[in-house]
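Structure file start-v4.cif (mmCIF, C-alpha atoms and all ligand atoms) is printed below.
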```cif
data_final
loop_
_atom_site.label_atom_id
_atom_site.label_comp_id
_atom_site.auth_asym_id
_atom_site.auth_seq_id
_atom_site.Cartn_x
_atom_site.Cartn_y
_atom_site.Cartn_z
CA MET A 913 4.16 21.01 -15.15
CA PRO A 914 0.59 20.51 -14.00
CA GLN A 915 -1.52 23.62 -14.07
CA LEU A 916 -2.37 25.04 -10.67
CA GLU A 917 -5.99 25.53 -11.72
CA ALA A 918 -6.19 21.88 -12.67
CA ILE A 919 -4.96 20.77 -9.25
CA LEU A 920 -7.31 23.13 -7.45
CA ALA A 921 -10.22 21.89 -9.55
CA ILE A 922 -9.71 18.22 -8.71
CA ASP A 923 -12.50 16.81 -6.59
CA PHE A 924 -11.20 13.46 -5.35
CA HIS A 925 -14.66 12.44 -4.21
CA SER A 926 -16.60 13.24 -7.36
CA LYS A 927 -18.27 10.43 -9.26
CA THR A 928 -16.19 11.20 -12.36
CA TYR A 929 -12.90 11.08 -10.46
CA LYS A 930 -13.77 7.85 -8.66
CA ASP A 931 -14.90 6.19 -11.88
CA ALA A 932 -11.60 6.99 -13.62
CA TYR A 933 -9.69 6.01 -10.48
CA SER A 934 -11.34 2.58 -10.45
CA ARG A 935 -9.50 1.76 -13.70
CA ILE A 936 -6.18 3.58 -13.12
CA ASN A 937 -5.93 2.20 -9.58
CA ALA A 938 -6.62 -1.32 -10.90
CA ILE A 939 -3.94 -0.87 -13.57
CA VAL A 940 -1.26 -0.02 -11.04
CA ILE A 941 -2.36 -2.81 -8.67
CA GLU A 942 -2.27 -5.35 -11.53
CA GLY A 943 1.01 -3.85 -12.83
CA GLU A 944 2.64 -4.29 -9.43
CA GLN A 945 1.33 -7.85 -9.11
CA GLU A 946 2.65 -8.77 -12.55
CA ALA A 947 5.97 -7.07 -11.74
CA TYR A 948 6.15 -9.31 -8.64
CA ASP A 949 5.50 -12.43 -10.74
CA ASN A 950 8.00 -11.29 -13.37
CA TYR A 951 10.84 -10.76 -10.87
CA ILE A 952 10.20 -14.18 -9.35
CA LYS A 953 10.40 -15.66 -12.85
CA LEU A 954 13.56 -13.66 -13.63
CA GLY A 955 15.07 -15.08 -10.43
CA GLU A 956 14.54 -18.58 -11.80
CA MET A 957 16.12 -17.58 -15.09
CA LEU A 958 19.10 -15.91 -13.41
CA PRO A 959 19.89 -18.17 -10.44
CA GLU A 960 23.08 -16.28 -9.51
CA ARG A 961 20.95 -13.15 -8.94
CA GLN A 962 17.94 -14.91 -7.43
CA GLU A 963 18.30 -13.25 -4.03
CA ASP A 964 18.49 -9.74 -5.49
CA LEU A 965 15.50 -10.45 -7.70
CA ALA A 966 13.51 -11.86 -4.78
CA GLY A 967 14.23 -8.54 -3.03
CA LEU A 968 12.83 -6.58 -5.97
CA ALA A 969 9.77 -8.85 -6.08
CA LYS A 970 9.14 -8.16 -2.40
CA MET A 971 9.12 -4.42 -3.08
CA GLU A 972 6.54 -4.93 -5.84
CA MET A 973 4.25 -6.73 -3.40
CA ARG A 974 4.60 -3.76 -1.02
CA HIS A 975 3.76 -1.39 -3.88
CA LYS A 976 0.66 -3.40 -4.70
CA LYS A 977 -0.55 -3.20 -1.09
CA GLY A 978 0.19 0.54 -1.03
CA PHE A 979 -1.92 1.20 -4.11
CA GLN A 980 -4.72 -1.01 -2.79
CA SER A 981 -4.82 1.23 0.27
CA CYS A 982 -5.00 4.32 -2.01
CA GLY A 983 -8.16 2.93 -3.59
CA LYS A 984 -9.66 2.04 -0.22
CA ASN A 985 -8.86 5.51 1.07
CA LEU A 986 -11.03 7.01 -1.69
CA ALA A 987 -13.69 4.29 -1.31
CA VAL A 988 -13.00 3.10 -4.86
CA THR A 989 -13.32 -0.51 -6.00
CA PRO A 990 -10.58 -1.27 -8.56
CA ASP A 991 -11.79 -2.76 -11.85
CA MET A 992 -9.35 -5.67 -11.90
CA GLU A 993 -10.88 -7.31 -14.95
CA PHE A 994 -10.20 -4.19 -16.99
CA ALA A 995 -6.63 -4.11 -15.70
CA ARG A 996 -5.88 -7.72 -16.55
CA GLU A 997 -7.12 -7.12 -20.07
CA PHE A 998 -5.04 -3.91 -20.22
CA PHE A 999 -1.83 -5.84 -19.49
CA SER A 1000 -2.68 -9.03 -21.40
CA THR A 1001 -0.57 -8.52 -24.55
CA LEU A 1002 2.55 -7.47 -22.67
CA HIS A 1003 1.92 -10.25 -20.17
CA GLU A 1004 1.71 -12.86 -22.95
CA ASN A 1005 4.91 -11.57 -24.53
CA PHE A 1006 6.77 -11.87 -21.22
CA LYS A 1007 5.39 -15.37 -20.67
CA ASP A 1008 6.34 -16.52 -24.19
CA ALA A 1009 9.85 -15.07 -23.87
CA ALA A 1010 10.33 -16.73 -20.49
CA ALA A 1011 9.18 -20.08 -21.89
CA GLU A 1012 11.80 -19.73 -24.63
CA GLY A 1013 14.47 -18.78 -22.10
CA LYS A 1014 14.86 -15.30 -23.60
CA LEU A 1015 16.25 -13.53 -20.56
CA VAL A 1016 17.19 -10.35 -22.46
CA THR A 1017 13.64 -9.94 -23.77
CA CYS A 1018 12.20 -10.53 -20.30
CA LEU A 1019 14.53 -7.92 -18.80
CA LEU A 1020 13.63 -5.41 -21.50
CA ILE A 1021 9.89 -5.91 -20.96
CA GLN A 1022 9.92 -5.75 -17.16
CA SER A 1023 12.97 -3.79 -16.03
CA LEU A 1024 13.13 -1.27 -18.87
CA ILE A 1025 9.72 -0.81 -20.50
CA ILE A 1026 7.37 -1.47 -17.59
CA GLU A 1027 9.56 0.29 -15.01
CA CYS A 1028 9.95 3.37 -17.25
CA PHE A 1029 6.19 3.40 -17.79
CA ALA A 1030 5.69 3.24 -14.03
CA ILE A 1031 8.32 5.94 -13.35
CA ALA A 1032 6.71 8.30 -15.88
CA ALA A 1033 3.19 7.63 -14.58
CA TYR A 1034 4.07 7.94 -10.89
CA ASN A 1035 6.12 11.11 -11.33
CA ILE A 1036 3.29 12.76 -13.25
CA TYR A 1037 0.73 11.54 -10.70
CA ILE A 1038 2.54 12.76 -7.55
CA PRO A 1039 1.75 16.51 -7.94
CA VAL A 1040 -1.95 15.86 -8.68
CA ALA A 1041 -2.55 13.03 -6.18
CA ASP A 1042 -4.54 13.25 -2.95
CA ASP A 1043 -2.32 13.61 0.13
CA PHE A 1044 -2.57 9.96 1.12
CA ALA A 1045 -1.75 8.60 -2.35
CA ARG A 1046 1.04 11.15 -2.86
CA LYS A 1047 3.00 9.86 0.15
CA ILE A 1048 2.59 6.25 -0.98
CA THR A 1049 3.55 7.01 -4.58
CA GLU A 1050 6.64 9.00 -3.55
CA GLY A 1051 7.91 5.94 -1.68
CA VAL A 1052 7.11 3.62 -4.57
CA VAL A 1053 8.78 5.62 -7.32
CA LYS A 1054 12.13 5.57 -5.46
CA ASP A 1055 12.07 1.77 -5.63
CA GLU A 1056 11.19 1.75 -9.33
CA TYR A 1057 14.48 3.51 -10.10
CA LEU A 1058 16.28 0.61 -8.38
CA HIS A 1059 14.37 -1.87 -10.53
CA LEU A 1060 15.24 0.02 -13.71
CA ASN A 1061 18.84 0.13 -12.55
CA PHE A 1062 18.96 -3.64 -12.10
CA GLY A 1063 18.01 -4.16 -15.75
CA GLU A 1064 20.39 -1.44 -16.96
CA GLU A 1065 23.34 -2.83 -15.08
CA TRP A 1066 22.84 -6.39 -16.25
CA LEU A 1067 22.26 -5.42 -19.88
CA LYS A 1068 25.22 -3.03 -19.84
CA ALA A 1069 27.49 -5.83 -18.62
CA HIS A 1070 26.21 -8.08 -21.42
CA PHE A 1071 25.63 -5.40 -24.06
CA GLU A 1072 27.31 -6.88 -27.12
CA ALA A 1073 25.67 -10.27 -26.64
CA SER A 1074 22.25 -8.72 -25.93
CA LYS A 1075 22.11 -5.95 -28.54
CA ALA A 1076 20.36 -7.82 -31.35
CA GLU A 1077 17.75 -9.38 -29.05
CA LEU A 1078 17.11 -5.99 -27.43
CA GLU A 1079 16.42 -4.41 -30.84
CA VAL A 1080 13.89 -7.11 -31.71
CA ALA A 1081 12.25 -7.05 -28.28
CA ASN A 1082 12.00 -3.25 -28.41
CA ARG A 1083 10.34 -3.38 -31.81
CA GLN A 1084 7.88 -5.97 -30.57
CA ASN A 1085 6.97 -4.41 -27.25
CA LEU A 1086 7.31 -0.64 -27.41
CA PRO A 1087 4.29 -0.18 -29.74
CA ILE A 1088 2.22 -2.03 -27.11
CA ILE A 1089 3.13 0.62 -24.53
CA TRP A 1090 1.93 3.44 -26.81
CA ARG A 1091 -1.34 1.58 -27.33
CA MET A 1092 -1.72 1.11 -23.57
CA LEU A 1093 -1.08 4.79 -23.06
CA ASN A 1094 -3.81 5.68 -25.57
CA GLN A 1095 -6.20 3.45 -23.66
CA VAL A 1096 -5.68 5.39 -20.41
CA THR A 1097 -5.45 8.91 -21.84
CA ASP A 1098 -9.02 9.93 -20.95
CA ASP A 1099 -8.95 8.48 -17.44
CA ALA A 1100 -5.50 9.89 -16.76
CA HIS A 1101 -6.74 13.33 -17.88
CA ILE A 1102 -9.54 13.19 -15.30
CA LEU A 1103 -6.88 12.53 -12.66
CA GLY A 1104 -4.99 15.64 -13.84
CA MET A 1105 -2.34 13.79 -15.87
CA GLU A 1106 -1.73 14.75 -19.49
CA LYS A 1107 -0.72 12.30 -22.19
CA GLU A 1108 2.01 14.60 -23.57
CA ALA A 1109 3.68 14.72 -20.15
CA LEU A 1110 3.50 10.93 -19.81
CA VAL A 1111 5.03 10.40 -23.26
CA GLU A 1112 7.77 12.94 -22.54
CA ASP A 1113 8.71 11.44 -19.17
CA PHE A 1114 8.65 7.93 -20.58
CA MET A 1115 10.91 8.91 -23.49
CA ILE A 1116 13.39 10.58 -21.14
CA ALA A 1117 13.56 7.61 -18.75
CA TYR A 1118 13.70 5.01 -21.54
CA GLY A 1119 16.22 6.97 -23.61
CA GLU A 1120 18.48 7.40 -20.57
CA ALA A 1121 18.24 3.69 -19.85
CA LEU A 1122 19.20 2.75 -23.41
CA SER A 1123 22.09 5.20 -23.24
CA ASN A 1124 23.34 3.76 -19.93
CA ILE A 1125 23.23 0.28 -21.42
CA GLY A 1126 25.45 1.37 -24.32
CA PHE A 1127 23.23 2.34 -27.26
CA SER A 1128 24.26 5.33 -29.41
CA THR A 1129 22.11 8.45 -29.69
CA ARG A 1130 21.19 7.38 -33.19
CA ASP A 1131 20.03 3.95 -31.99
CA ILE A 1132 18.08 5.55 -29.15
CA MET A 1133 16.19 7.95 -31.43
CA ARG A 1134 15.22 5.12 -33.72
CA MET A 1135 14.33 2.69 -30.95
CA SER A 1136 12.44 4.92 -28.52
CA ALA A 1137 9.99 6.35 -31.04
CA TYR A 1138 9.23 2.97 -32.52
CA GLY A 1139 5.47 2.57 -32.87
CA LEU A 1140 4.70 6.00 -31.40
CA VAL A 1141 3.28 7.51 -34.59
CA THR A 1142 1.12 4.55 -35.58
CA ALA A 1143 -0.26 3.92 -32.07
C1 LIG B 1 6.38 -1.80 -11.77
O1 LIG B 1 6.97 -1.82 -10.56
C2 LIG B 1 4.97 -1.42 -11.70
C3 LIG B 1 4.27 -1.40 -12.99
C4 LIG B 1 3.04 -0.57 -13.00
C5 LIG B 1 2.76 0.05 -14.33
C6 LIG B 1 1.86 1.20 -14.20
C7 LIG B 1 1.55 1.91 -15.48
C8 LIG B 1 0.56 2.95 -15.21
C9 LIG B 1 0.01 3.64 -16.40
C10 LIG B 1 -1.24 4.40 -16.07
C11 LIG B 1 -1.10 5.88 -16.00
C12 LIG B 1 -1.67 6.48 -14.79
C13 LIG B 1 -0.87 6.27 -13.54
C14 LIG B 1 -1.47 6.81 -12.29
C15 LIG B 1 -0.62 6.52 -11.08
C16 LIG B 1 -1.39 6.08 -9.89
FE FE2 B 2 6.57 -1.39 -8.36
FE FE2 B 3 9.18 -2.02 -10.17
#
```

What would you get if you wrote out this structure as C-alpha cells?
Ligand code: PL3
Ligand code: FE2
Ligand code: FE2
Amino acid sequence: MPQLEAILAIDFHSKTYKDAYSRINAIVIEGEQEAYDNYIKLGEMLPERQEDLAGLAKMEMRHKKGFQSCGKNLAVTPDMEFAREFFSTLHENFKDAAAEGKLVTCLLIQSLIIECFAIAAYNIYIPVADDFARKITEGVVKDEYLHLNFGEEWLKAHFEASKAELEVANRQNLPIIWRMLNQVTDDAHILGMEKEALVEDFMIAYGEALSNIGFSTRDIMRMSAYGLVTA
C-alpha cells in the first residue's frame, strides 16, 4: 500500500520527478514496442495462432502510444537510448531463442516474465500516477492479463513437453529481471513506487502463472526466487 503522505508529496512537475520519469516512461514505451515485435515474431513461430497473436501485438502498439502521451502530458522527453540499453540482454535472449526456434523460451520471456513485470509495475504505479497517466495505465493493465493468459494457456496445454525448456529458460532469464529491477529502484522510488512492492507483486503474478501452467508449489518456490538474492 502506498503511503498517503507519499502520494500527497508527489510533485509531478518538479525537476526531480520529470528526470526520473524520462527514464521510466522510456522503459515502458520501449517495453511495449518490444512486446509488439515479440508477438509478431511469436505469430510467425505459431502460425495456427497468428491471428490471436497479431491481436495481442496490436494492443501493445496501443499501449506504446498511450504511454507516449503520458510523457507528453508531463512535458517529458523519454530517454529512449537508456531504455534500449535497459532491455538489451532480455531482447538478445528472445532474439537468440527465436532464431533457434525455441518457442517455449520465447513464450516464457515475453508472455510470462515481461508481462508479469509489466503487471507488477503498472499495478504499483496506478495509485501514485497523475490523473491522466492513471486512466491510461488502468486500461493497459487489463490487456496485460490477457497476454499473460495467452502464454499460460498454451504452456499448460503443452506442459509435459515444455517443462524442461521452461526450467532452463527461467534460470537464464529471471536473474535478468532482478537486475533490471535494481536498475530502476531509485527512479521508481521518486515516482512513489517501492522496490519491495514491485518484487512482491511480481512474485505473486509469476508464481500464479507457473501454478496455472502446472508446476508444483515446490517447483514454484525454487524457480521464482532464482537469481533474486544475487541480483
Ligand atoms: C508488455 O506488454 C509491456 C512490457 C513493459 C515492461 C515494463 C517494465 C517496467 C518496469 C519499470 C518500473 C516502473 C513502472 C512505471 C509504470 C509507468
Ligand atoms: Fe503492453
Ligand atoms: Fe503485454

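The coordinates place atom CA of A:Pro990 at 4.6 Å from atom CA of A:Ala938.
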
Shell around stretch 982-986 of chain A at 8 Å using all atoms listed in the file, local window under 2 positions removed, as a short mmCIF file (atom, residue, chain, number, x, y, z; two decimals) with C-alpha atoms, keeping the file's coordinate frame:
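Below you can see around.cif, which holds the result:
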```cif
data_model
loop_
_atom_site.label_atom_id
_atom_site.label_comp_id
_atom_site.auth_asym_id
_atom_site.auth_seq_id
_atom_site.Cartn_x
_atom_site.Cartn_y
_atom_site.Cartn_z
CA PHE A 924 -11.20 13.46 -5.35
CA HIS A 925 -14.66 12.44 -4.21
CA LYS A 930 -13.77 7.85 -8.66
CA TYR A 933 -9.69 6.01 -10.48
CA SER A 934 -11.34 2.58 -10.45
CA ASN A 937 -5.93 2.20 -9.58
CA GLY A 978 0.19 0.54 -1.03
CA PHE A 979 -1.92 1.20 -4.11
CA GLN A 980 -4.72 -1.01 -2.79
CA VAL A 988 -13.00 3.10 -4.86
CA THR A 989 -13.32 -0.51 -6.00
CA PRO A 990 -10.58 -1.27 -8.56
CA PHE A 1044 -2.57 9.96 1.12
CA ALA A 1045 -1.75 8.60 -2.35
CA ILE A 1048 2.59 6.25 -0.98
#
```

Cut-off 7 Å: closest chain A/ligand LIG 1 (chain B) atom pairs per residue, using all atoms listed in the file, as JSON lines:
```
{"residue": "A:Ile936", "atom": "CA", "partner": "B:LIG1", "partner_atom": "C12", "distance": 5.6}
{"residue": "A:Asn937", "atom": "CA", "partner": "B:LIG1", "partner_atom": "C16", "distance": 6.0}
{"residue": "A:Ile939", "atom": "CA", "partner": "B:LIG1", "partner_atom": "C8", "distance": 6.1}
{"residue": "A:Val940", "atom": "CA", "partner": "B:LIG1", "partner_atom": "C6", "distance": 4.6}
{"residue": "A:Gly943", "atom": "CA", "partner": "B:LIG1", "partner_atom": "C4", "distance": 3.9}
{"residue": "A:Glu944", "atom": "CA", "partner": "B:LIG1", "partner_atom": "C2", "distance": 4.3}
{"residue": "A:Ala947", "atom": "CA", "partner": "B:LIG1", "partner_atom": "C1", "distance": 5.3}
{"residue": "A:Glu972", "atom": "CA", "partner": "B:LIG1", "partner_atom": "O1", "distance": 5.7}
{"residue": "A:Ile1026", "atom": "CA", "partner": "B:LIG1", "partner_atom": "C3", "distance": 5.5}
{"residue": "A:Glu1027", "atom": "CA", "partner": "B:LIG1", "partner_atom": "C1", "distance": 5.0}
{"residue": "A:Phe1029", "atom": "CA", "partner": "B:LIG1", "partner_atom": "C7", "distance": 5.4}
{"residue": "A:Ala1030", "atom": "CA", "partner": "B:LIG1", "partner_atom": "C5", "distance": 4.3}
{"residue": "A:Ala1033", "atom": "CA", "partner": "B:LIG1", "partner_atom": "C13", "distance": 4.4}
{"residue": "A:Tyr1034", "atom": "CA", "partner": "B:LIG1", "partner_atom": "C15", "distance": 4.9}
{"residue": "A:Tyr1037", "atom": "CA", "partner": "B:LIG1", "partner_atom": "C15", "distance": 5.2}
{"residue": "A:Glu1056", "atom": "CA", "partner": "B:LIG1", "partner_atom": "O1", "distance": 5.7}
{"residue": "A:Leu1093", "atom": "CA", "partner": "B:LIG1", "partner_atom": "C9", "distance": 6.8}
{"residue": "A:Val1096", "atom": "CA", "partner": "B:LIG1", "partner_atom": "C10", "distance": 6.3}
{"residue": "A:Ala1100", "atom": "CA", "partner": "B:LIG1", "partner_atom": "C12", "distance": 5.5}
```

Using all atoms listed in the file, which residues of chain A come within 10 Å of ligand FE2 3 (chain B), and what is the closest atom pair for each, with the distance in Å to one decimal? Give it as a tab-separated table, sorted by chain and residue number.
```
residue	atom	partner	partner_atom	distance
A:Gly943	CA	B:FE2_3	FE	8.8
A:Glu944	CA	B:FE2_3	FE	7.0
A:Gln945	CA	B:FE2_3	FE	9.8
A:Glu946	CA	B:FE2_3	FE	9.7
A:Ala947	CA	B:FE2_3	FE	6.2
A:Tyr948	CA	B:FE2_3	FE	8.0
A:Asn950	CA	B:FE2_3	FE	9.9
A:Tyr951	CA	B:FE2_3	FE	8.9
A:Leu968	CA	B:FE2_3	FE	7.2
A:Ala969	CA	B:FE2_3	FE	8.0
A:Lys970	CA	B:FE2_3	FE	9.9
A:Met971	CA	B:FE2_3	FE	7.5
A:Glu972	CA	B:FE2_3	FE	5.8
A:Met973	CA	B:FE2_3	FE	9.6
A:His975	CA	B:FE2_3	FE	8.3
A:Gln1022	CA	B:FE2_3	FE	8.0
A:Ser1023	CA	B:FE2_3	FE	7.2
A:Leu1024	CA	B:FE2_3	FE	9.6
A:Ile1026	CA	B:FE2_3	FE	7.7
A:Glu1027	CA	B:FE2_3	FE	5.4
A:Cys1028	CA	B:FE2_3	FE	8.9
A:Phe1029	CA	B:FE2_3	FE	9.8
A:Ala1030	CA	B:FE2_3	FE	7.4
A:Ile1031	CA	B:FE2_3	FE	8.6
A:Val1052	CA	B:FE2_3	FE	8.2
A:Val1053	CA	B:FE2_3	FE	8.2
A:Lys1054	CA	B:FE2_3	FE	9.4
A:Asp1055	CA	B:FE2_3	FE	6.6
A:Glu1056	CA	B:FE2_3	FE	4.4
A:Tyr1057	CA	B:FE2_3	FE	7.7
A:Leu1058	CA	B:FE2_3	FE	7.8
A:His1059	CA	B:FE2_3	FE	5.2
A:Leu1060	CA	B:FE2_3	FE	7.3
```

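For the pair atom CA of A:Ile1116 and atom CA of A:Cys1018, the interatomic distance is 21.2 Å.
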
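With distances taken over all atoms listed in the file, A:Arg1083 is the one residue among A:Arg1091, A:Lys1075, A:Arg1083, A:Arg961 lying closest to A:Tyr1138.
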